[in-house]
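**Student:** Input: one structure, supplied below.
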Amino acid sequence: MKAIVTRRFGNPPTTAVDERPRPAVHEGFTLVRMHSATINQLSNTIRRGDFGFPTAPLVLGTEGAGIVEEGDRFARGTRVAVYGRSDLGLSVDGPFQQ
């Protein structure tokens, strides 16, 4: 899958479009094929290196919308919106990928 990966945080950050493996789906998680994702203040703050100590490489993003591909909570094909509770885009790869 394609992803916008932040390889280095700071000013300026280093990002690139990379090919990444399809994430494994664990109990309680849902794999969503993203159709859109937001660029917001939190992602920009993380990218600049001004929020905690993220570990690169990291796929940013905390919000988006797409269609469920796999998981135990929603049926495949369900349209969903994602709003980043937990570590999404902070320490776990976020929705800047498809």
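Lettering and numbering for the structure tokens are positional, with chains as A, B, ... in the shown order, residues counted from 1 in each chain, and ligands counted from 1 in the shown order.
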If we count only C-alpha atoms, what is near Glu19 of chain A at a cut-off of 12 Å, once residues fewer than 3 positions away on the same chain are taken out, given as a PyMOL selection string?

**Tutor:** chain A and resi 1-5+16+22-23+59+97-98

**Student:** Using only C-alpha atoms, which residues sit within 8 Å of Ala37 of chain A once same-chain residues fewer than 6 positions away are excluded, as an NGL selection string?

**Tutor:** :A and (61-65 or 95-96)

**Student:** Please, could you write that set of residues out with N, CA and C atoms as a PDB file, in the first residue's frame?

**Tutor:**
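Generated file (result26.pdb):
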```pdb
ATOM      1  N   GLY A  61      -1.393  11.411  10.614  1.00  0.00           N
ATOM      2  CA  GLY A  61      -2.821  11.539  10.373  1.00  0.00           C
ATOM      3  C   GLY A  61      -3.631  10.996  11.529  1.00  0.00           C
ATOM      4  N   THR A  62      -4.702  11.716  11.856  1.00  0.00           N
ATOM      5  CA  THR A  62      -5.571  11.281  12.941  1.00  0.00           C
ATOM      6  C   THR A  62      -7.037  11.235  12.532  1.00  0.00           C
ATOM      7  N   GLU A  63      -7.370  11.731  11.340  1.00  0.00           N
ATOM      8  CA  GLU A  63      -8.765  11.772  10.902  1.00  0.00           C
ATOM      9  C   GLU A  63      -8.860  11.400   9.428  1.00  0.00           C
ATOM     10  N   GLY A  64      -9.968  10.774   9.067  1.00  0.00           N
ATOM     11  CA  GLY A  64     -10.178  10.447   7.670  1.00  0.00           C
ATOM     12  C   GLY A  64     -11.455   9.655   7.479  1.00  0.00           C
ATOM     13  N   ALA A  65     -11.669   9.203   6.247  1.00  0.00           N
ATOM     14  CA  ALA A  65     -12.852   8.423   5.914  1.00  0.00           C
ATOM     15  C   ALA A  65     -12.477   7.379   4.878  1.00  0.00           C
ATOM     16  N   PRO A  95      -3.791   7.497   9.069  1.00  0.00           N
ATOM     17  CA  PRO A  95      -4.500   7.320   7.808  1.00  0.00           C
ATOM     18  C   PRO A  95      -3.872   7.972   6.561  1.00  0.00           C
ATOM     19  N   PHE A  96      -2.655   8.488   6.627  1.00  0.00           N
ATOM     20  CA  PHE A  96      -2.027   9.029   5.421  1.00  0.00           C
ATOM     21  C   PHE A  96      -1.478   7.881   4.569  1.00  0.00           C
TER      22      PHE A  96
END
```

**Student:** When distances are computed from only C-alpha atoms, which of A:Met34, A:Ile67, A:Val82, A:Leu58 shows the smallest separation from Phe9 of chain A?

**Tutor:** A:Leu58

**Student:** For Leu90 of chain A, which residue out of A:Thr30, A:Thr38, A:Thr6, A:Asn11 is the nearest one, using only C-alpha atoms?

**Tutor:**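 Under the stated criterion, the closest residue is A:Thr6.
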
**Student:** Among chain A, which residues carry a DSSP assignment of alpha helix (DSSP H), reported as a PyMOL selection string?

**Tutor:** chain A and resi 41-48

**Student:** Enter the distance from atom CA of Asn40 of chain A to atom CA of Leu88 of chain A, in Å, rounded to one decimal.

**Tutor:**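 We find that atom CA of Asn40 of chain A and atom CA of Leu88 of chain A lie 13.4 Å from each other.
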
**Student:** May I have all residues of chain A that DSSP, computed from the backbone, assigns to strand (DSSP E), given as a ChimeraX atom specification?

**Tutor:** /A:2-8,14-19,30-37,58-59,63-71,79-83

**Student:** Limited to C-alpha atoms, could you put the picked residues into a file as a PDB file, in the first residue's frame?

**Tutor:**
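Done, and the output landed in out01.pdb:
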```
ATOM      1  CA  LYS A   2       1.148   3.568  -0.609  1.00  0.00           C
ATOM      2  CA  ALA A   3       1.797   5.808   2.377  1.00  0.00           C
ATOM      3  CA  ILE A   4       3.119   9.288   3.080  1.00  0.00           C
ATOM      4  CA  VAL A   5       5.883   8.454   5.515  1.00  0.00           C
ATOM      5  CA  THR A   6       7.626  10.971   7.754  1.00  0.00           C
ATOM      6  CA  ARG A   7      11.223   9.805   7.889  1.00  0.00           C
ATOM      7  CA  ARG A   8      12.595  12.659   9.998  1.00  0.00           C
ATOM      8  CA  THR A  14      11.571  14.674   5.592  1.00  0.00           C
ATOM      9  CA  THR A  15       8.604  12.901   4.014  1.00  0.00           C
ATOM     10  CA  ALA A  16       8.189  10.585   1.046  1.00  0.00           C
ATOM     11  CA  VAL A  17       5.603   8.383  -0.603  1.00  0.00           C
ATOM     12  CA  ASP A  18       6.664   4.808   0.130  1.00  0.00           C
ATOM     13  CA  GLU A  19       5.284   1.358  -0.500  1.00  0.00           C
ATOM     14  CA  THR A  30     -10.237  -2.515  11.892  1.00  0.00           C
ATOM     15  CA  LEU A  31      -8.411  -2.136   8.579  1.00  0.00           C
ATOM     16  CA  VAL A  32      -9.863   0.750   6.559  1.00  0.00           C
ATOM     17  CA  ARG A  33      -9.001   1.589   2.947  1.00  0.00           C
ATOM     18  CA  MET A  34      -8.694   5.353   3.288  1.00  0.00           C
ATOM     19  CA  HIS A  35     -10.386   7.547   0.698  1.00  0.00           C
ATOM     20  CA  SER A  36      -9.566  10.842   2.388  1.00  0.00           C
ATOM     21  CA  ALA A  37      -7.535  12.068   5.333  1.00  0.00           C
ATOM     22  CA  LEU A  58       5.783   7.150  10.957  1.00  0.00           C
ATOM     23  CA  VAL A  59       2.645   7.592   8.847  1.00  0.00           C
ATOM     24  CA  GLU A  63      -8.765  11.772  10.902  1.00  0.00           C
ATOM     25  CA  GLY A  64     -10.178  10.447   7.670  1.00  0.00           C
ATOM     26  CA  ALA A  65     -12.852   8.423   5.914  1.00  0.00           C
ATOM     27  CA  GLY A  66     -12.871   5.182   3.989  1.00  0.00           C
ATOM     28  CA  ILE A  67     -14.280   1.677   3.635  1.00  0.00           C
ATOM     29  CA  VAL A  68     -13.749  -1.257   5.989  1.00  0.00           C
ATOM     30  CA  GLU A  69     -11.644  -4.050   4.492  1.00  0.00           C
ATOM     31  CA  GLU A  70     -11.220  -6.297   7.528  1.00  0.00           C
ATOM     32  CA  GLY A  71     -11.935  -6.409  11.240  1.00  0.00           C
ATOM     33  CA  ARG A  79     -18.240   3.296   5.098  1.00  0.00           C
ATOM     34  CA  VAL A  80     -16.620   4.785   8.188  1.00  0.00           C
ATOM     35  CA  ALA A  81     -15.134   8.012   9.467  1.00  0.00           C
ATOM     36  CA  VAL A  82     -12.018   7.785  11.624  1.00  0.00           C
ATOM     37  CA  TYR A  83     -11.328  10.267  14.389  1.00  0.00           C
TER      38      TYR A  83
END
```

**Student:** Just to confirm, what's the straight-line distance from atom CA of Arg85 of chain A to atom CA of Thr55 of chain A in Å (one decimal)?

**Tutor:**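 Separation between atom CA of Arg85 of chain A and atom CA of Thr55 of chain A: 18.4 Å.
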
**Student:** So the first atom is atom CA of Arg48 of chain A and the second is atom CA of Pro12 of chain A; what is the distance between them in Å, to one decimal place?

**Tutor:**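 Value for the atom CA of Arg48 of chain A-atom CA of Pro12 of chain A distance: 7.1 Å.
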